[in-house]
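What's in entry01.cif: mmCIF, C-alpha atoms and all ligand atoms
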```cif
data_my_file
loop_
_atom_site.label_atom_id
_atom_site.label_comp_id
_atom_site.auth_asym_id
_atom_site.auth_seq_id
_atom_site.Cartn_x
_atom_site.Cartn_y
_atom_site.Cartn_z
CA MET A 1 -8.08 -25.84 -30.80
CA PRO A 2 -6.38 -26.37 -28.44
CA LYS A 3 -8.26 -27.95 -25.57
CA ALA A 4 -6.46 -28.19 -22.22
CA VAL A 5 -7.66 -30.47 -19.44
CA VAL A 6 -6.84 -30.54 -15.72
CA LEU A 7 -7.43 -33.80 -13.84
CA GLY A 8 -7.59 -33.03 -10.11
CA ALA A 9 -8.87 -29.54 -10.95
CA ALA A 10 -10.54 -28.79 -7.61
CA GLY A 11 -7.35 -29.29 -5.58
CA GLY A 12 -4.72 -26.99 -4.13
CA ILE A 13 -2.72 -27.06 -7.37
CA GLY A 14 -5.65 -27.76 -9.70
CA GLN A 15 -7.62 -24.59 -8.99
CA PRO A 16 -4.87 -21.98 -9.46
CA LEU A 17 -3.52 -23.99 -12.42
CA ALA A 18 -6.96 -23.96 -14.04
CA LEU A 19 -7.13 -20.20 -13.40
CA LEU A 20 -3.77 -19.63 -15.11
CA LEU A 21 -4.80 -21.80 -18.07
CA LYS A 22 -8.09 -19.90 -18.34
CA THR A 23 -6.19 -16.60 -18.51
CA ASN A 24 -4.01 -17.78 -21.41
CA ALA A 25 -5.49 -16.84 -24.77
CA LEU A 26 -3.85 -19.89 -26.39
CA VAL A 27 -6.41 -22.11 -24.65
CA THR A 28 -9.79 -22.18 -26.39
CA GLU A 29 -11.36 -24.98 -24.34
CA LEU A 30 -10.68 -25.94 -20.74
CA GLY A 31 -11.94 -29.22 -19.30
CA LEU A 32 -11.88 -29.71 -15.52
CA TYR A 33 -12.25 -33.04 -13.77
CA ASP A 34 -12.10 -34.03 -10.11
CA ILE A 35 -13.99 -36.28 -7.74
CA VAL A 36 -15.38 -33.13 -6.03
CA ASN A 37 -16.34 -29.50 -6.76
CA THR A 38 -15.50 -29.21 -10.47
CA PRO A 39 -18.91 -27.82 -11.53
CA GLY A 40 -18.40 -24.95 -9.07
CA VAL A 41 -14.79 -24.29 -10.10
CA ALA A 42 -15.82 -24.36 -13.77
CA ALA A 43 -18.79 -21.99 -13.23
CA ASP A 44 -16.53 -19.58 -11.35
CA LEU A 45 -13.78 -19.58 -14.00
CA SER A 46 -16.29 -19.39 -16.86
CA HIS A 47 -17.09 -15.76 -15.96
CA ILE A 48 -13.54 -14.62 -16.76
CA ALA A 49 -13.50 -12.73 -20.06
CA THR A 50 -10.93 -14.83 -21.91
CA PRO A 51 -11.50 -17.12 -24.94
CA ALA A 52 -11.53 -20.52 -23.24
CA LYS A 53 -14.90 -22.25 -22.90
CA VAL A 54 -14.86 -24.02 -19.53
CA GLU A 55 -16.60 -27.24 -18.53
CA GLY A 56 -16.30 -29.17 -15.27
CA TYR A 57 -17.27 -32.78 -14.65
CA LEU A 58 -17.47 -35.24 -11.76
CA PRO A 59 -17.15 -39.06 -12.08
CA PRO A 60 -20.87 -39.94 -12.62
CA ASP A 61 -22.20 -40.27 -16.19
CA ASP A 62 -18.77 -40.78 -17.74
CA GLY A 63 -17.48 -37.43 -16.48
CA LEU A 64 -13.85 -38.37 -17.11
CA ALA A 65 -14.51 -39.29 -20.75
CA LYS A 66 -16.61 -36.14 -21.27
CA THR A 67 -13.79 -34.00 -19.86
CA LEU A 68 -11.12 -35.71 -21.96
CA LYS A 69 -13.01 -35.71 -25.25
CA GLY A 70 -10.94 -33.79 -27.83
CA ALA A 71 -8.14 -32.95 -25.36
CA ASP A 72 -4.80 -31.80 -26.78
CA VAL A 73 -3.00 -31.27 -23.47
CA VAL A 74 -3.86 -33.07 -20.22
CA VAL A 75 -2.26 -31.94 -16.96
CA ILE A 76 -2.55 -34.27 -13.95
CA PRO A 77 -2.23 -32.79 -10.45
CA ALA A 78 -4.67 -35.31 -8.89
CA GLY A 79 -3.47 -37.01 -5.74
CA VAL A 80 -2.60 -36.78 -2.09
CA PRO A 81 0.07 -34.29 -0.98
CA ARG A 82 2.74 -34.95 1.65
CA LYS A 83 2.43 -34.19 5.39
CA PRO A 84 5.15 -32.44 7.48
CA GLY A 85 8.04 -34.60 8.68
CA VAL A 86 7.43 -37.15 5.94
CA ARG A 87 10.19 -37.35 3.34
CA ALA A 88 8.68 -40.09 1.22
CA CYS A 89 5.07 -40.84 2.04
CA SER A 90 4.54 -44.52 1.23
CA SER A 91 0.75 -44.50 1.75
CA CYS A 92 0.47 -41.37 -0.50
CA ARG A 93 2.59 -43.20 -3.05
CA GLN A 94 0.21 -46.14 -3.19
CA ILE A 95 -2.88 -43.91 -3.34
CA ASN A 96 -1.40 -41.67 -6.02
CA ALA A 97 -0.23 -44.66 -8.06
CA GLY A 98 -3.82 -45.94 -8.18
CA ILE A 99 -5.28 -42.51 -9.01
CA VAL A 100 -2.76 -41.92 -11.80
CA ARG A 101 -3.27 -45.45 -13.18
CA ASP A 102 -7.04 -44.91 -13.42
CA LEU A 103 -6.76 -41.46 -14.97
CA ALA A 104 -4.19 -42.74 -17.49
CA THR A 105 -6.62 -45.51 -18.43
CA GLY A 106 -9.23 -42.84 -19.17
CA ILE A 107 -6.75 -40.89 -21.30
CA ALA A 108 -5.73 -44.02 -23.23
CA LYS A 109 -9.38 -44.68 -24.04
CA THR A 110 -10.58 -41.16 -24.86
CA ALA A 111 -7.61 -38.94 -25.74
CA PRO A 112 -4.77 -41.28 -26.77
CA LYS A 113 -3.02 -38.57 -28.81
CA ALA A 114 -3.02 -35.93 -26.08
CA PHE A 115 0.20 -34.58 -24.57
CA VAL A 116 0.19 -35.73 -20.94
CA LEU A 117 1.88 -33.61 -18.26
CA VAL A 118 2.22 -35.44 -14.93
CA ILE A 119 2.45 -33.44 -11.70
CA SER A 120 1.17 -36.07 -9.22
CA ASN A 121 3.93 -37.37 -6.96
CA PRO A 122 6.16 -39.26 -6.94
CA VAL A 123 6.79 -38.05 -10.51
CA ASN A 124 9.79 -40.42 -10.86
CA SER A 125 7.29 -43.32 -10.59
CA THR A 126 3.99 -41.83 -11.81
CA VAL A 127 5.40 -41.09 -15.28
CA PRO A 128 6.43 -44.76 -15.78
CA ILE A 129 2.97 -45.71 -14.45
CA VAL A 130 1.27 -43.66 -17.18
CA ALA A 131 3.63 -45.15 -19.79
CA GLU A 132 2.88 -48.73 -18.69
CA VAL A 133 -0.89 -48.10 -18.79
CA PHE A 134 -0.60 -46.66 -22.31
CA LYS A 135 1.51 -49.67 -23.37
CA LYS A 136 -1.24 -52.00 -22.10
CA HIS A 137 -3.74 -50.12 -24.27
CA GLY A 138 -1.41 -49.97 -27.30
CA THR A 139 -1.46 -46.16 -27.24
CA TYR A 140 2.02 -45.36 -25.92
CA ASP A 141 3.97 -42.61 -27.67
CA PRO A 142 6.96 -41.64 -25.47
CA LYS A 143 7.18 -38.30 -27.26
CA ARG A 144 3.87 -37.21 -25.71
CA LEU A 145 4.50 -37.96 -22.04
CA PHE A 146 6.19 -35.45 -19.71
CA GLY A 147 6.94 -35.38 -15.98
CA VAL A 148 6.64 -31.80 -14.75
CA THR A 149 9.88 -30.83 -12.98
CA THR A 150 9.49 -27.09 -13.61
CA LEU A 151 9.06 -26.27 -9.92
CA ASP A 152 12.67 -27.33 -9.32
CA VAL A 153 13.76 -25.04 -12.16
CA VAL A 154 11.68 -22.15 -10.81
CA ARG A 155 13.13 -22.67 -7.31
CA ALA A 156 16.69 -22.78 -8.67
CA SER A 157 16.15 -19.43 -10.46
CA THR A 158 14.70 -17.85 -7.32
CA PHE A 159 17.36 -19.17 -4.92
CA VAL A 160 20.22 -18.15 -7.24
CA ALA A 161 18.75 -14.63 -7.57
CA GLU A 162 18.58 -14.54 -3.75
CA VAL A 163 22.25 -15.52 -3.50
CA LEU A 164 23.08 -12.79 -6.02
CA GLY A 165 21.19 -10.35 -3.77
CA ASP A 166 18.91 -9.28 -6.62
CA PHE A 167 15.37 -10.69 -6.80
CA GLY A 168 14.84 -8.58 -9.92
CA LYS A 169 17.03 -11.09 -11.73
CA ALA A 170 14.87 -14.10 -10.73
CA PRO A 171 12.82 -14.22 -13.95
CA ASP A 172 15.99 -14.15 -16.08
CA VAL A 173 18.12 -16.68 -14.19
CA VAL A 174 18.18 -20.01 -16.03
CA VAL A 175 19.58 -23.08 -14.27
CA PRO A 176 19.14 -26.50 -15.89
CA VAL A 177 17.83 -28.97 -13.31
CA VAL A 178 18.20 -32.59 -14.37
CA GLY A 179 17.64 -36.11 -13.00
CA GLY A 180 14.23 -36.55 -11.41
CA HIS A 181 11.81 -34.87 -9.00
CA SER A 182 12.54 -35.91 -5.43
CA GLY A 183 15.41 -35.27 -3.02
CA VAL A 184 18.79 -36.39 -4.30
CA THR A 185 17.41 -37.19 -7.75
CA ILE A 186 17.01 -33.42 -8.28
CA VAL A 187 20.33 -32.23 -9.72
CA PRO A 188 20.69 -28.48 -10.27
CA LEU A 189 23.55 -27.79 -12.69
CA LEU A 190 24.55 -24.56 -10.97
CA SER A 191 27.79 -24.36 -12.95
CA GLN A 192 25.61 -23.77 -16.03
CA SER A 193 23.59 -20.96 -14.45
CA SER A 194 22.99 -18.10 -16.89
CA HIS A 195 24.05 -15.83 -14.00
CA PRO A 196 27.24 -17.20 -12.41
CA LEU A 197 27.34 -17.64 -8.64
CA PRO A 198 29.78 -15.55 -6.56
CA SER A 199 33.30 -17.02 -6.64
CA ASP A 200 33.07 -18.11 -2.98
CA TYR A 201 30.19 -20.48 -3.87
CA THR A 202 32.20 -23.66 -3.47
CA GLY A 203 32.33 -26.30 -0.71
CA ASP A 204 29.69 -25.91 2.02
CA LYS A 205 27.99 -22.91 0.40
CA LEU A 206 27.53 -24.73 -2.91
CA GLN A 207 26.36 -27.83 -1.05
CA ALA A 208 23.80 -25.80 0.95
CA LEU A 209 22.39 -24.16 -2.18
CA THR A 210 22.17 -27.53 -3.95
CA THR A 211 20.39 -29.06 -0.94
CA ARG A 212 17.95 -26.13 -0.83
CA VAL A 213 16.90 -26.83 -4.44
CA GLN A 214 16.73 -30.58 -3.84
CA PHE A 215 14.61 -30.26 -0.71
CA GLY A 216 12.75 -27.01 -1.50
CA GLY A 217 9.47 -28.91 -1.14
CA ASP A 218 10.25 -29.52 2.55
CA GLU A 219 10.37 -25.76 3.26
CA VAL A 220 6.79 -25.40 2.04
CA VAL A 221 5.48 -28.58 3.69
CA LYS A 222 6.96 -27.46 7.02
CA ALA A 223 5.65 -23.89 6.75
CA LYS A 224 2.13 -25.09 5.79
CA ASP A 225 2.22 -27.19 8.96
CA GLY A 226 -0.22 -29.93 7.97
CA ALA A 227 -2.10 -28.02 5.26
CA GLY A 228 -0.30 -29.73 2.36
CA SER A 229 2.64 -29.07 0.07
CA ALA A 230 3.46 -26.48 -2.59
CA THR A 231 0.33 -25.51 -4.53
CA LEU A 232 0.65 -21.90 -5.73
CA SER A 233 4.29 -22.10 -6.85
CA MET A 234 3.45 -25.48 -8.40
CA ALA A 235 0.48 -24.06 -10.27
CA TYR A 236 2.75 -21.28 -11.57
CA ALA A 237 5.40 -23.82 -12.61
CA GLY A 238 2.84 -26.21 -14.13
CA ALA A 239 1.31 -23.38 -16.13
CA GLU A 240 4.74 -22.21 -17.30
CA PHE A 241 5.46 -25.70 -18.63
CA ALA A 242 1.96 -26.16 -20.11
CA PHE A 243 2.27 -22.82 -21.93
CA LYS A 244 5.56 -23.99 -23.50
CA VAL A 245 3.86 -27.19 -24.65
CA LEU A 246 0.93 -25.18 -26.09
CA ARG A 247 3.35 -22.90 -27.97
CA ALA A 248 5.21 -25.94 -29.32
CA LEU A 249 1.90 -27.50 -30.43
CA ARG A 250 1.20 -24.29 -32.32
CA GLY A 251 4.42 -24.81 -34.28
CA GLU A 252 6.71 -22.37 -32.45
CA LYS A 253 10.33 -23.46 -32.80
CA GLY A 254 13.15 -23.65 -30.24
CA ILE A 255 11.04 -24.39 -27.15
CA VAL A 256 13.41 -26.06 -24.67
CA ALA A 257 12.63 -26.96 -21.06
CA PRO A 258 13.85 -29.47 -18.49
CA THR A 259 11.30 -32.28 -18.16
CA TYR A 260 11.29 -35.93 -17.06
CA VAL A 261 10.87 -38.10 -20.15
CA ASN A 262 11.40 -41.61 -21.46
CA LEU A 263 14.84 -41.54 -23.05
CA ASP A 264 13.45 -43.54 -26.00
CA ALA A 265 11.44 -40.46 -26.97
CA ASP A 266 14.53 -39.33 -28.91
CA LYS A 267 16.69 -42.40 -29.42
CA SER A 268 19.94 -40.72 -30.43
CA GLY A 269 19.70 -37.92 -27.83
CA GLY A 270 18.57 -40.43 -25.21
CA ASP A 271 21.43 -42.84 -25.94
CA ALA A 272 23.97 -40.00 -25.77
CA LEU A 273 22.54 -38.93 -22.41
CA LYS A 274 22.69 -42.51 -21.08
CA LYS A 275 26.42 -42.52 -21.95
CA GLU A 276 26.92 -39.24 -20.10
CA ILE A 277 25.21 -40.54 -16.96
CA GLY A 278 26.87 -43.95 -17.26
CA GLN A 279 23.65 -45.91 -16.82
CA ASP A 280 20.95 -47.41 -19.02
CA LEU A 281 18.06 -45.57 -17.31
CA ASP A 282 14.68 -45.46 -19.06
CA TYR A 283 13.62 -42.07 -17.68
CA PHE A 284 15.55 -38.94 -16.84
CA SER A 285 14.87 -35.23 -16.68
CA ALA A 286 16.98 -33.22 -19.11
CA ASN A 287 16.68 -30.17 -21.30
CA VAL A 288 14.20 -31.27 -23.95
CA GLU A 289 13.25 -29.51 -27.15
CA ILE A 290 9.49 -29.77 -27.62
CA GLY A 291 7.87 -29.62 -31.05
CA PRO A 292 4.37 -30.11 -32.48
CA GLU A 293 4.74 -33.91 -32.18
CA GLY A 294 6.10 -33.76 -28.62
CA VAL A 295 9.71 -34.52 -27.65
CA ALA A 296 11.84 -33.39 -30.61
CA LYS A 297 15.31 -33.61 -29.07
CA ILE A 298 16.80 -34.66 -25.76
CA HIS A 299 19.77 -32.43 -25.08
CA PRO A 300 23.01 -33.66 -23.52
CA LEU A 301 24.00 -32.53 -20.04
CA GLY A 302 26.99 -30.75 -21.55
CA GLU A 303 29.99 -29.75 -19.50
CA ILE A 304 29.46 -30.37 -15.80
CA THR A 305 31.76 -30.12 -12.79
CA GLU A 306 33.18 -33.00 -10.78
CA TYR A 307 30.82 -31.99 -7.95
CA GLU A 308 27.82 -32.26 -10.30
CA GLN A 309 29.07 -35.63 -11.60
CA GLY A 310 28.93 -36.79 -7.98
CA LEU A 311 25.33 -35.56 -7.67
CA ILE A 312 24.35 -37.49 -10.82
CA LYS A 313 26.05 -40.58 -9.45
CA ALA A 314 23.98 -40.32 -6.26
CA ALA A 315 20.75 -39.69 -8.22
CA VAL A 316 20.99 -42.64 -10.61
CA PRO A 317 20.39 -45.62 -8.26
CA GLU A 318 17.50 -43.83 -6.54
CA LEU A 319 15.94 -43.02 -9.92
CA ALA A 320 16.37 -46.61 -11.10
CA LYS A 321 14.51 -47.80 -7.98
CA ASN A 322 11.69 -45.27 -8.44
CA ILE A 323 11.24 -46.22 -12.11
CA GLU A 324 11.13 -49.90 -11.23
CA THR A 325 8.50 -49.23 -8.53
CA GLY A 326 6.24 -47.51 -11.08
CA VAL A 327 6.65 -50.22 -13.71
CA ALA A 328 6.09 -53.00 -11.16
CA PHE A 329 2.93 -51.31 -9.87
CA ILE A 330 1.25 -51.61 -13.26
CA GLN A 331 2.67 -55.02 -14.07
CA SER A 332 1.16 -56.34 -10.83
CA SER A 333 -2.17 -54.44 -11.33
CA LYS A 334 -5.09 -56.27 -12.86
P1 LIG B 401 -4.86 -31.57 -3.06
O1 LIG B 401 -5.26 -32.62 -2.10
O2 LIG B 401 -5.06 -30.15 -2.67
O3 LIG B 401 -5.61 -31.78 -4.44
C1 LIG B 401 -5.64 -33.00 -5.08
C2 LIG B 401 -6.96 -33.10 -5.83
O4 LIG B 401 -6.98 -34.37 -6.49
C3 LIG B 401 -8.19 -33.03 -4.93
O5 LIG B 401 -9.08 -32.03 -5.36
C4 LIG B 401 -8.80 -34.41 -5.04
O6 LIG B 401 -10.21 -34.43 -4.94
C5 LIG B 401 -8.33 -34.82 -6.43
N1 LIG B 401 -8.43 -36.23 -6.69
C6 LIG B 401 -8.20 -37.29 -5.85
N2 LIG B 401 -8.47 -38.46 -6.46
C7 LIG B 401 -8.83 -38.13 -7.73
C8 LIG B 401 -9.23 -38.92 -8.84
N3 LIG B 401 -9.29 -40.25 -8.80
N4 LIG B 401 -9.56 -38.26 -9.98
C9 LIG B 401 -9.51 -36.91 -10.04
N5 LIG B 401 -9.14 -36.12 -9.02
C10 LIG B 401 -8.82 -36.73 -7.87
O7 LIG B 401 -3.34 -31.84 -3.43
P2 LIG B 401 -2.31 -30.85 -4.18
O8 LIG B 401 -1.60 -30.03 -3.17
O9 LIG B 401 -3.02 -30.18 -5.29
O10 LIG B 401 -1.24 -31.92 -4.74
C11 LIG B 401 -1.59 -32.84 -5.73
C12 LIG B 401 -0.40 -33.71 -6.12
O11 LIG B 401 0.65 -32.94 -6.71
C13 LIG B 401 0.25 -34.45 -4.95
O12 LIG B 401 0.59 -35.75 -5.38
C14 LIG B 401 1.52 -33.64 -4.70
O13 LIG B 401 2.53 -34.39 -4.06
C15 LIG B 401 1.90 -33.31 -6.11
N6 LIG B 401 2.85 -32.20 -6.27
C16 LIG B 401 3.76 -32.30 -7.27
C17 LIG B 401 4.67 -31.29 -7.48
C18 LIG B 401 5.67 -31.38 -8.60
O14 LIG B 401 6.61 -30.59 -8.62
N7 LIG B 401 5.54 -32.27 -9.56
C19 LIG B 401 4.66 -30.15 -6.66
C20 LIG B 401 3.70 -30.07 -5.65
C21 LIG B 401 2.80 -31.10 -5.44
C1 LIG B 402 7.51 -30.12 -4.19
O1 LIG B 402 8.61 -30.22 -4.74
O2 LIG B 402 7.20 -29.12 -3.52
C2 LIG B 402 6.49 -31.21 -4.36
O3 LIG B 402 7.04 -32.32 -4.98
C3 LIG B 402 5.73 -31.52 -3.13
C4 LIG B 402 6.51 -32.27 -2.08
O4 LIG B 402 5.94 -33.21 -1.50
O5 LIG B 402 7.66 -31.93 -1.83
#
```

What is this structure when it is put down as structure tokens?
Ligand code: NAD
Ligand code: LMR
Amino acid sequence: MPKAVVLGAAGGIGQPLALLLKTNALVTELGLYDIVNTPGVAADLSHIATPAKVEGYLPPDDGLAKTLKGADVVVIPAGVPRKPGVRACSSCRQINAGIVRDLATGIAKTAPKAFVLVISNPVNSTVPIVAEVFKKHGTYDPKRLFGVTTLDVVRASTFVAEVLGDFGKAPDVVVPVVGGHSGVTIVPLLSQSSHPLPSDYTGDKLQALTTRVQFGGDEVVKAKDGAGSATLSMAYAGAEFAFKVLRALRGEKGIVAPTYVNLDADKSGGDALKKEIGQDLDYFSANVEIGPEGVAKIHPLGEITEYEQGLIKAAVPELAKNIETGVAFIQSSK
């Protein structure tokens, strides 16, 4: 105990994420699954002198079920990344929706109690996809399903430290990032930064910093010039979130992180949040307290500025559309 699993483990995110999980002493078993290369990745990682026993499987001979057997935490970075110049890749969306649906079916059958951490894009839709698959199998527990939005949080910390002219502060800067994980649905609450911005950060400067967090993924896609999207920073962020979940599973108290969840996971917190955002959305990323049973408490947004209220207002209809797309995909699937 505990066993962590990576689905899509041979990919750009999957490999460094598996490495980071292997180096964490909290993980005692590590299961790796992909449609290619997992035996090699597993053999390579298995030589690292840390406690986790590593196994890697491919699809033949029930490889997915073998990987998932006994899993406590399942992280899903399987899927197709975006190409440069493409803001919302509709063919990737369809492909990823199918991949995530099939992997969720495997989880529902073999590891229905596992905590599921979804990285595959578009997170705003893939999380509802997993939920709908679990509902079909009668295994849905909203407390155990999380969309990983940590990369937005990591970027916000880094960019604020840059503005403050002190990269040394980056690990300590905490900025809640709420909403969802794509473009305008990403809402950094910069007014709540643990390290306040300079007083001239209003108007255009504040807008530019907000946009940089919202579209940080574009910087990487453009720089990689056809070779994919963020992988290393994503693996770091995914591991940071997975480690929090593992600590919560172990019974550690007070673990709070922004993550995209079903607002029914904590009815009273979720209802209060819906009032704050002025819309009956099913999913939203907020500061969530995680406990040994999963979502323990959904925190309110708290005091936000008029500017941030405007950002939330812009995020809500886009989020509603993305959620509906995910739900409809499963309802129309066989
Ligand atoms: P990649 O192409 O490098 O790796 C994806 C891996 O998934 C590949 O190894 C591929 O073989 C595997 N795969 C494909 N179909 C599979 C299946 N049915 N079962 C198991 N594995 C399968 O891509 P990447 O750069 O690692 O990105 C993966 C996903 O993560 C993309 O959807 C990307 O948009 C998303 N992403 C999300 C965030 C976030 O913040 N949530 C950040 C970056 C990237
Ligand atoms: C990111 O935020 O970097 C990822 O969601 C990848 C992308 O396509 O932007």

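Proximity to Phe115 (chain A) was assessed for A:Val245, A:Val86, A:Leu64, A:Leu190 counting all atoms listed in the file; the smallest distance is recorded for A:Val245.
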
Return as CSV the residues of chain A lying at most 7 Å from ligand LIG 401 (chain B), together with the closest atom-to-atom pair for each and the distance in Å to one decimal, counting all atoms listed in the file, with rows in chain order and ascending residue number.
```
residue,atom,partner,partner_atom,distance
A:Leu7,CA,B:LIG401,C9,5.3
A:Gly8,CA,B:LIG401,N5,3.6
A:Ala9,CA,B:LIG401,O5,6.1
A:Ala10,CA,B:LIG401,O5,4.2
A:Gly11,CA,B:LIG401,O3,3.2
A:Gly12,CA,B:LIG401,O2,3.5
A:Ile13,CA,B:LIG401,O9,3.8
A:Gly14,CA,B:LIG401,O9,5.7
A:Tyr33,CA,B:LIG401,C9,6.0
A:Asp34,CA,B:LIG401,N5,3.8
A:Ile35,CA,B:LIG401,N5,5.0
A:Val36,CA,B:LIG401,O6,5.4
A:Pro77,CA,B:LIG401,O11,4.7
A:Ala78,CA,B:LIG401,O4,3.5
A:Gly79,CA,B:LIG401,O12,4.3
A:Val80,CA,B:LIG401,C13,4.7
A:Pro81,CA,B:LIG401,O13,3.9
A:Arg82,CA,B:LIG401,O13,5.7
A:Asn96,CA,B:LIG401,O12,6.3
A:Ile99,CA,B:LIG401,N3,4.6
A:Asp102,CA,B:LIG401,N3,6.9
A:Leu103,CA,B:LIG401,N4,6.6
A:Ile119,CA,B:LIG401,N7,3.9
A:Ser120,CA,B:LIG401,O12,3.9
A:Asn121,CA,B:LIG401,O12,4.0
A:Pro122,CA,B:LIG401,O13,6.7
A:Val123,CA,B:LIG401,N7,6.0
A:Val148,CA,B:LIG401,N7,5.3
A:Thr149,CA,B:LIG401,O14,5.5
A:Thr150,CA,B:LIG401,O14,6.7
A:Leu151,CA,B:LIG401,O14,5.1
A:Asp152,CA,B:LIG401,O14,6.9
A:His181,CA,B:LIG401,O14,6.7
A:Gly228,CA,B:LIG401,O8,5.7
A:Ser229,CA,B:LIG401,O8,5.4
A:Ala230,CA,B:LIG401,C20,4.7
A:Thr231,CA,B:LIG401,O8,5.1
A:Met234,CA,B:LIG401,C19,5.1
```

Write to file, as an mmCIF file, in the frame of the given file, the residues of the selection just made, with C-alpha atoms.
```cif
data_model
loop_
_atom_site.group_PDB
_atom_site.id
_atom_site.type_symbol
_atom_site.label_atom_id
_atom_site.label_comp_id
_atom_site.auth_asym_id
_atom_site.auth_seq_id
_atom_site.Cartn_x
_atom_site.Cartn_y
_atom_site.Cartn_z
ATOM 1 C CA LEU A 7 -7.430 -33.800 -13.840
ATOM 2 C CA GLY A 8 -7.590 -33.030 -10.110
ATOM 3 C CA ALA A 9 -8.870 -29.540 -10.950
ATOM 4 C CA ALA A 10 -10.540 -28.790 -7.610
ATOM 5 C CA GLY A 11 -7.350 -29.290 -5.580
ATOM 6 C CA GLY A 12 -4.720 -26.990 -4.130
ATOM 7 C CA ILE A 13 -2.720 -27.060 -7.370
ATOM 8 C CA GLY A 14 -5.650 -27.760 -9.700
ATOM 9 C CA TYR A 33 -12.250 -33.040 -13.770
ATOM 10 C CA ASP A 34 -12.100 -34.030 -10.110
ATOM 11 C CA ILE A 35 -13.990 -36.280 -7.740
ATOM 12 C CA VAL A 36 -15.380 -33.130 -6.030
ATOM 13 C CA PRO A 77 -2.230 -32.790 -10.450
ATOM 14 C CA ALA A 78 -4.670 -35.310 -8.890
ATOM 15 C CA GLY A 79 -3.470 -37.010 -5.740
ATOM 16 C CA VAL A 80 -2.600 -36.780 -2.090
ATOM 17 C CA PRO A 81 0.070 -34.290 -0.980
ATOM 18 C CA ARG A 82 2.740 -34.950 1.650
ATOM 19 C CA ASN A 96 -1.400 -41.670 -6.020
ATOM 20 C CA ILE A 99 -5.280 -42.510 -9.010
ATOM 21 C CA ASP A 102 -7.040 -44.910 -13.420
ATOM 22 C CA LEU A 103 -6.760 -41.460 -14.970
ATOM 23 C CA ILE A 119 2.450 -33.440 -11.700
ATOM 24 C CA SER A 120 1.170 -36.070 -9.220
ATOM 25 C CA ASN A 121 3.930 -37.370 -6.960
ATOM 26 C CA PRO A 122 6.160 -39.260 -6.940
ATOM 27 C CA VAL A 123 6.790 -38.050 -10.510
ATOM 28 C CA VAL A 148 6.640 -31.800 -14.750
ATOM 29 C CA THR A 149 9.880 -30.830 -12.980
ATOM 30 C CA THR A 150 9.490 -27.090 -13.610
ATOM 31 C CA LEU A 151 9.060 -26.270 -9.920
ATOM 32 C CA ASP A 152 12.670 -27.330 -9.320
ATOM 33 C CA HIS A 181 11.810 -34.870 -9.000
ATOM 34 C CA GLY A 228 -0.300 -29.730 2.360
ATOM 35 C CA SER A 229 2.640 -29.070 0.070
ATOM 36 C CA ALA A 230 3.460 -26.480 -2.590
ATOM 37 C CA THR A 231 0.330 -25.510 -4.530
ATOM 38 C CA MET A 234 3.450 -25.480 -8.400
#
```

To test the calculation: enclose all listed atoms of region 93-103 of chain A in a box whose edges run along x, y and z, add 8 Å on each side, then state centre and edge lengths in Å to one decimal, as JSON.
```
{"center_x": -2.2, "center_y": -43.8, "center_z": -9.0, "size_x": 25.6, "size_y": 20.7, "size_z": 27.9}
```

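A straight line drawn from CA of Tyr57 (chain A) to CA of Lys143 (chain A) is 28.1 Å long.
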
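Taking all atoms listed in the file into account, ligand LIG 402 (chain B) lies nearest to A:Ile186 out of the set A:Ile186, A:Ala114, A:Leu249, A:Ala296.
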
Quiz prompt | For Ala161 (chain A): contacts at 10 Å, all atoms listed in the file, fewer than 2 positions along chain excluded, given as a list in words | solution = Arg155, Ala156, Ser157, Thr158, Phe159, Val163, Leu164, Gly165, Asp166, Phe167, Gly168, Lys169, Ala170, Pro171, Asp172, Val173, His195 and Leu197 of chain A

Self-check item: Test item: residues at most 9 Å from region 283-295 of chain A, only C-alpha atoms, excluding those fewer than 5 positions along its chain, as a ChimeraX atom specification
Solution: /A:115,124,127-128,142-147,149,176-181,186,244-266,273,300-301,319-320,323

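Residues in contact with Leu21 (chain A) at up to 7 Å, not including ones fewer than 4 positions away on its chain and judged by only C-alpha atoms, are Leu17, Val27 and Ala239 of chain A.
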
Self-check item: Selected residue, from A:Gly226, A:Gly63, A:Gly106, A:Gly98, that lies nearest to ligand LIG 402 (chain B) when counting all atoms listed in the file
Solution: A:Gly226

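CA of Gly183 (chain A) lies 8.7 Å from CA of Ala315 (chain A).
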
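Each of A:Gln279, A:Ser191, A:Gln15, A:Ser91 was compared to Ile312 (chain A) using all atoms listed in the file, and A:Gln279 turns out to be the nearest.
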
Practice problem: Mind checking which residues fall within 9 Å of Pro84 (chain A), counting all atoms listed in the file, ignoring those fewer than 3 positions away in the same chain, and posting them as a ChimeraX atom specification? | Solution: /A:87,218,221-229

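Picture a line from CA of Ala43 (chain A) to CA of Gly56 (chain A); it runs 7.9 Å.
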
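The shortest atom-to-atom distance to ligand LIG 402 (chain B), with all atoms listed in the file taken into account, belongs to A:Arg93 out of A:Lys136, A:Lys69, A:Arg93, A:Lys275.
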
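With all atoms listed in the file as the basis for measurement, A:Cys92 is the residue among A:Val174, A:Cys92, A:Leu206, A:Leu281 that approaches ligand LIG 402 (chain B) most closely.
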